[in-house]
Amino acid sequence: MTPSAASSSPGAPGLDIPEVTVAPGDIATTTVTVRNDSDIVEAYSLEIVGDCAAWTTVEPARVSLYPGTSETVTLRLEPPRSPEVRAGAVPLGVRVLPAEHPESVRVLETTVHIGAFHELHSELAPRRRRGWLRGRYRLAVRNQGNTPVRAGFTAGQAGEELAFAFTPAELPLEPGESAEIGLRVRTGKPVWFGAPVVWPFTVDAAETGEQDAPRPDEPAVRAPLDAEFVQIPIFPKWLLALLAALLALLLAWFMLVRPAVRSAAKEAATEAVQPRPTPAGEQGGDGQTPGTSPGTGTGTGKGTAPGAGSGGQGTGGPGATGGDGTSVDDGTGLGGGRQTSQTIDVQSAGGETKPGTYQVPKDSVFGVTDIVIANFQGDEGLMTITFGDRKITTIALETFRNQDYHWVTPIKIPENDTVTVEVTCEKPGTPATGRQAQGCHEVVNVSGVLSRTAR
């Protein structure tokens with residue numbers, strides 16, 4: 001570019017800079033003529049000021065001129081291809097400072113027109129996602145151009161098996177601004193069994209609306225991003241094999257094992273109910289067959305009364321009385337007992353210790369086999385259970401709501417002894433009503449066999 005002539009007052013250089021147009025990433029030059037109109041030798045320092053100073057140089061930066069002479073300097077503009085260099089008009093200033101007359105400093109301003117360029121950078125993460133029906137991805141987009149744009153997003157595949165949804169679908173971006181967009185990929189049908197199915201697809205980010213024609217060194221179309229969604233089956237392969245094995249075992253049970261078990265059980269039951277004949281000649285020492293007494297009728301398994309014969313004895317089930325009037329053991333170690341259950345209800349105030357008892361009746365023995373404790377309010381404190389003089393257990397109330405104890409061999413409590421439940425109430429709990437109770441409330445159920453000791 002050829003600068004036009006300009007005059008200046010005596011003692012000041014003549015300056016003139018035309019407007020300059022430059023594209024980011026390119027180089028543009030212009031010249032400035034410095035003329036010494038004074039009557040002394042003068043040195044001039046040239047410096048770039050303004051927004052263009054970072055990427056504009058002047059060559060040479062200092063000139064010495066005799067009176068009436070001039071020299072041309074070159075301004076070299078190299079704006080980088082960066083979002084920081086915004087498109088549009090930018091002021092440019094050249095400050096000329098005389099060494100002998102610094103008060104005559106001059107600043108010449110002009111305008112630099114920076115061209116626009118468009119560049120979107122996008123990245124998809126992850127590139128491969130696994131799922132039954134859907135997968136989620138993150139698309140990061142950055143505007144690397146020097147002008148605001150509105151970015152839109154598209155996705156596609158060879159078929160129509162996948163559906164895509166971007167959140168948001170469009171997004172405005174300033175130069176240098178970054179954003180993250182959510183992408184949801186969904187299939188229409190599940191894969192029940194078999195190998196995973198791989199669905200490849202592409203994702204593209206582009207500017208929406210009217211765009212400037214691309215520069216010759218810019219690619220007209222950017223390659224879209226490649227990604228995959230791996231649809232895994234609902235049921236794995238090993239589950240199908242396991243179901244087949246279970247079906248085979250079930251068929252084998254119904255066809256082979258079950259008939260054999262039922263046949264064996266039926267034969268055992270038939271053999272148990274059939275009477276066995278007494279071998280001939282097998283008699284007692286007095287010439288009578290087993291189960292008979294001299295001159296009397298035979299005893300039966302149902303328990304006959306003493307009037308059936310003077311020497312006959314019947315047998316009965318647990319707890320029954322034999323023909324001679326004695327108690328028959330019911331298998332618990334207590335003679336002729338009956339199952340019984342007693343409930344001890346203890347209510348106490350906070351900070352109070354209160355007992356609850358059950359006394360074994362006279363001429364009886366209580367064989368305890370089971371204890372069930374209910375702390376339905378969730379009280380806090382201590383509970384001690386004693387059978388007569390024997391302490392059975394001490395437990396903290398806050399460790400349970402319901403507790404039970406069982407004994408295979410009954411614990412015998414003689415007559416007039418007591419089952420004692422002593423409760424120390426530290427803090428009443430909160431029942432199902434949601435309001436804290438006024439006091440502690442525990443219920444203990446004692447079960448076992450109560451047998452008579454007197455004949």
# chains A, B, ... in the order shown; residues from 1 in each chain; ligands from 1

$ residues_around --residues "A:Thr110" --least-positions-apart "6" --cutoff "7 Å" --atoms "only C-alpha atoms" --output "list of chain:residue names"
A:Ile17, A:Pro18, A:Glu19, A:Pro91, A:Leu92, A:Gly93

$ write_last_selection --atoms "all heavy atoms" --output "PDB file, in the first residue's frame"
ATOM      1  N   ILE A  17      -1.067   7.056   7.386  1.00  0.00           N
ATOM      2  CA  ILE A  17      -1.227   5.597   7.348  1.00  0.00           C
ATOM      3  C   ILE A  17      -2.622   5.296   6.846  1.00  0.00           C
ATOM      4  O   ILE A  17      -3.609   5.757   7.446  1.00  0.00           O
ATOM      5  CB  ILE A  17      -1.037   4.963   8.744  1.00  0.00           C
ATOM      6  CG1 ILE A  17       0.304   5.379   9.354  1.00  0.00           C
ATOM      7  CG2 ILE A  17      -1.121   3.451   8.683  1.00  0.00           C
ATOM      8  CD1 ILE A  17       0.525   4.869  10.747  1.00  0.00           C
ATOM      9  N   PRO A  18      -2.760   4.571   5.766  1.00  0.00           N
ATOM     10  CA  PRO A  18      -4.095   4.201   5.305  1.00  0.00           C
ATOM     11  C   PRO A  18      -4.653   3.039   6.136  1.00  0.00           C
ATOM     12  O   PRO A  18      -3.951   2.400   6.902  1.00  0.00           O
ATOM     13  CB  PRO A  18      -3.846   3.777   3.849  1.00  0.00           C
ATOM     14  CG  PRO A  18      -2.452   3.260   3.865  1.00  0.00           C
ATOM     15  CD  PRO A  18      -1.692   4.103   4.855  1.00  0.00           C
ATOM     16  N   GLU A  19      -5.934   2.782   5.984  1.00  0.00           N
ATOM     17  CA  GLU A  19      -6.564   1.650   6.654  1.00  0.00           C
ATOM     18  C   GLU A  19      -6.015   0.335   6.108  1.00  0.00           C
ATOM     19  O   GLU A  19      -5.667   0.238   4.923  1.00  0.00           O
ATOM     20  CB  GLU A  19      -8.074   1.699   6.489  1.00  0.00           C
ATOM     21  CG  GLU A  19      -8.717   2.883   7.200  1.00  0.00           C
ATOM     22  CD  GLU A  19     -10.226   2.843   7.111  1.00  0.00           C
ATOM     23  OE1 GLU A  19     -10.756   1.971   6.378  1.00  0.00           O
ATOM     24  OE2 GLU A  19     -10.882   3.657   7.779  1.00  0.00           O
ATOM     25  N   PRO A  91      -8.398  -0.132  16.365  1.00  0.00           N
ATOM     26  CA  PRO A  91      -7.544   1.048  16.152  1.00  0.00           C
ATOM     27  C   PRO A  91      -6.068   0.680  16.237  1.00  0.00           C
ATOM     28  O   PRO A  91      -5.659  -0.191  17.011  1.00  0.00           O
ATOM     29  CB  PRO A  91      -7.947   1.980  17.288  1.00  0.00           C
ATOM     30  CG  PRO A  91      -8.468   1.073  18.356  1.00  0.00           C
ATOM     31  CD  PRO A  91      -9.125  -0.072  17.642  1.00  0.00           C
ATOM     32  N   LEU A  92      -5.268   1.358  15.402  1.00  0.00           N
ATOM     33  CA  LEU A  92      -3.811   1.190  15.387  1.00  0.00           C
ATOM     34  C   LEU A  92      -3.176   2.561  15.491  1.00  0.00           C
ATOM     35  O   LEU A  92      -3.563   3.495  14.779  1.00  0.00           O
ATOM     36  CB  LEU A  92      -3.354   0.495  14.097  1.00  0.00           C
ATOM     37  CG  LEU A  92      -1.845   0.440  13.869  1.00  0.00           C
ATOM     38  CD1 LEU A  92      -1.173  -0.429  14.924  1.00  0.00           C
ATOM     39  CD2 LEU A  92      -1.542  -0.093  12.470  1.00  0.00           C
ATOM     40  N   GLY A  93      -2.219   2.697  16.379  1.00  0.00           N
ATOM     41  CA  GLY A  93      -1.534   3.976  16.539  1.00  0.00           C
ATOM     42  C   GLY A  93      -0.033   3.810  16.447  1.00  0.00           C
ATOM     43  O   GLY A  93       0.524   2.808  16.896  1.00  0.00           O
TER      44      GLY A  93
END

$ residues_around --residues "A:Glu442" --least-positions-apart "4" --cutoff "9 Å" --atoms "only C-alpha atoms" --output "MDAnalysis selection string"
chainID A and resid 344:348 373:377 379 423

$ closest_residue --among "A:Val368, A:Ala151, A:Leu120, A:Leu171" --to "A:Ala223" --atoms "only C-alpha atoms"
A:Leu120

$ residues_around --residues "A:Glu170" --least-positions-apart "2" --cutoff "10 Å" --atoms "only C-alpha atoms" --output "list of chain:residue names"
A:Arg150, A:Ala151, A:Gly152, A:Phe153, A:Thr154, A:Phe166, A:Thr167, A:Pro168, A:Pro172, A:Leu173, A:Ile181, A:Ala205, A:Ala206, A:Glu207, A:Thr208

$ residues_around --residues "A:Glu42" --least-positions-apart "3" --cutoff "8 Å" --atoms "only C-alpha atoms" --output "NGL selection string"
:A and (36 or 38 or 64-67 or 98-100)

$ atom_distance --atom1 "atom CA of A:Arg128" --atom2 "atom CA of A:Gly194"
19.8 Å

$ select_by_dssp --residues "stretch 118-269 of chain A" --states "strand (DSSP E or B)" --output "number ranges by chain"
A: 120-125, 128-131, 134-143, 149-156, 162-167, 170-173, 178-187, 197-207, 225-231

$ closest_residue --among "A:Asn143, A:Phe366, A:Arg452, A:Gly381" --to "A:Glu426" --atoms "only C-alpha atoms"
A:Gly381

$ closest_residue --among "A:Phe117, A:Gln339, A:Gly159, A:Thr420" --to "A:Thr394" --atoms "only C-alpha atoms"
A:Thr420

$ closest_residue --among "A:Arg95, A:Arg62, A:Lys362, A:His406" --to "A:Gly50" --atoms "only C-alpha atoms"
A:Arg95

$ residues_around --residues "A:Arg127" --least-positions-apart "6" --cutoff "9 Å" --atoms "only C-alpha atoms" --output "NGL selection string"
:A and (137 or 225-229)

$ write_last_selection --atoms "C-alpha atoms" --output "mmCIF file, in the first residue's frame"
data_model
loop_
_atom_site.group_PDB
_atom_site.id
_atom_site.type_symbol
_atom_site.label_atom_id
_atom_site.label_comp_id
_atom_site.auth_asym_id
_atom_site.auth_seq_id
_atom_site.Cartn_x
_atom_site.Cartn_y
_atom_site.Cartn_z
ATOM 1 C CA TYR A 137 -22.470 -39.335 26.418
ATOM 2 C CA LEU A 225 -16.975 -37.838 15.501
ATOM 3 C CA ASP A 226 -17.305 -41.627 15.493
ATOM 4 C CA ALA A 227 -18.863 -43.423 18.494
ATOM 5 C CA GLU A 228 -20.444 -46.756 19.407
ATOM 6 C CA PHE A 229 -23.261 -47.994 21.614
#

$ decode --residues "stretch 223-248 of chain A" --atoms "N, CA, C and O atoms" --output "CSV table (one decimal), in the first residue's frame"
chain,number,residue,atom,x,y,z
A,223,ALA,N,-14.8,-33.6,9.5
A,223,ALA,CA,-15.2,-35.0,9.7
A,223,ALA,C,-16.0,-35.1,11.0
A,223,ALA,O,-15.6,-34.6,12.1
A,224,PRO,N,-17.2,-35.8,11.1
A,224,PRO,CA,-17.9,-36.0,12.3
A,224,PRO,C,-17.2,-37.0,13.2
A,224,PRO,O,-16.3,-37.7,12.8
A,225,LEU,N,-17.6,-37.0,14.5
A,225,LEU,CA,-17.0,-37.8,15.5
A,225,LEU,C,-17.6,-39.2,15.4
A,225,LEU,O,-18.8,-39.3,15.3
A,226,ASP,N,-16.8,-40.3,15.5
A,226,ASP,CA,-17.3,-41.6,15.5
A,226,ASP,C,-17.5,-42.1,16.9
A,226,ASP,O,-16.7,-41.8,17.8
A,227,ALA,N,-18.6,-42.9,17.2
A,227,ALA,CA,-18.9,-43.4,18.5
A,227,ALA,C,-19.6,-44.7,18.3
A,227,ALA,O,-20.1,-45.1,17.2
A,228,GLU,N,-19.8,-45.5,19.4
A,228,GLU,CA,-20.4,-46.8,19.4
A,228,GLU,C,-21.3,-46.9,20.7
A,228,GLU,O,-20.9,-46.4,21.7
A,229,PHE,N,-22.4,-47.6,20.5
A,229,PHE,CA,-23.3,-48.0,21.6
A,229,PHE,C,-23.4,-49.5,21.6
A,229,PHE,O,-23.8,-50.1,20.6
A,230,VAL,N,-22.9,-50.2,22.6
A,230,VAL,CA,-22.9,-51.6,22.7
A,230,VAL,C,-24.1,-52.0,23.5
A,230,VAL,O,-24.1,-51.8,24.7
A,231,GLN,N,-25.0,-52.7,22.9
A,231,GLN,CA,-26.2,-53.1,23.6
A,231,GLN,C,-26.0,-54.5,24.1
A,231,GLN,O,-25.8,-55.5,23.3
A,232,ILE,N,-26.0,-54.7,25.4
A,232,ILE,CA,-25.7,-56.0,26.0
A,232,ILE,C,-27.1,-56.7,26.2
A,232,ILE,O,-28.1,-56.1,26.4
A,233,PRO,N,-27.1,-58.0,26.2
A,233,PRO,CA,-28.3,-58.8,26.4
A,233,PRO,C,-28.8,-58.7,27.8
A,233,PRO,O,-28.1,-58.5,28.8
A,234,ILE,N,-30.2,-58.8,28.0
A,234,ILE,CA,-30.8,-58.7,29.3
A,234,ILE,C,-30.3,-59.9,30.1
A,234,ILE,O,-30.0,-59.8,31.3
A,235,PHE,N,-30.3,-61.1,29.6
A,235,PHE,CA,-29.9,-62.3,30.3
A,235,PHE,C,-28.6,-62.8,29.7
A,235,PHE,O,-28.5,-63.0,28.4
A,236,PRO,N,-27.6,-63.1,30.5
A,236,PRO,CA,-26.3,-63.6,29.9
A,236,PRO,C,-26.4,-65.0,29.4
A,236,PRO,O,-27.4,-65.7,29.7
A,237,LYS,N,-25.4,-65.4,28.7
A,237,LYS,CA,-25.4,-66.8,28.1
A,237,LYS,C,-25.4,-67.9,29.2
A,237,LYS,O,-26.1,-68.9,29.1
A,238,TRP,N,-24.7,-67.6,30.3
A,238,TRP,CA,-24.6,-68.7,31.3
A,238,TRP,C,-25.9,-68.9,32.0
A,238,TRP,O,-26.2,-70.0,32.5
A,239,LEU,N,-26.8,-67.8,32.1
A,239,LEU,CA,-28.1,-68.0,32.7
A,239,LEU,C,-28.9,-68.9,31.8
A,239,LEU,O,-29.7,-69.7,32.4
A,240,LEU,N,-28.9,-68.9,30.5
A,240,LEU,CA,-29.6,-69.8,29.7
A,240,LEU,C,-29.2,-71.2,29.9
A,240,LEU,O,-30.0,-72.1,30.0
A,241,ALA,N,-27.9,-71.4,30.0
A,241,ALA,CA,-27.4,-72.8,30.3
A,241,ALA,C,-27.9,-73.3,31.7
A,241,ALA,O,-28.2,-74.4,31.8
A,242,LEU,N,-27.9,-72.4,32.7
A,242,LEU,CA,-28.3,-72.7,34.0
A,242,LEU,C,-29.8,-73.1,34.0
A,242,LEU,O,-30.2,-74.1,34.6
A,243,LEU,N,-30.6,-72.3,33.3
A,243,LEU,CA,-32.0,-72.6,33.2
A,243,LEU,C,-32.3,-74.0,32.5
A,243,LEU,O,-33.2,-74.7,33.0
A,244,ALA,N,-31.5,-74.3,31.5
A,244,ALA,CA,-31.6,-75.6,30.8
A,244,ALA,C,-31.3,-76.7,31.8
A,244,ALA,O,-32.0,-77.8,31.9
A,245,ALA,N,-30.2,-76.5,32.6
A,245,ALA,CA,-29.8,-77.5,33.6
A,245,ALA,C,-30.9,-77.7,34.6
A,245,ALA,O,-31.2,-78.9,35.0
A,246,LEU,N,-31.4,-76.6,35.1
A,246,LEU,CA,-32.5,-76.7,36.1
A,246,LEU,C,-33.7,-77.4,35.6
A,246,LEU,O,-34.4,-78.2,36.3
A,247,LEU,N,-34.1,-77.1,34.3
A,247,LEU,CA,-35.2,-77.8,33.7
A,247,LEU,C,-35.0,-79.3,33.6
A,247,LEU,O,-35.9,-80.1,33.8
A,248,ALA,N,-33.8,-79.6,33.2
A,248,ALA,CA,-33.4,-81.1,33.1
A,248,ALA,C,-33.5,-81.7,34.5
A,248,ALA,O,-34.1,-82.9,34.6
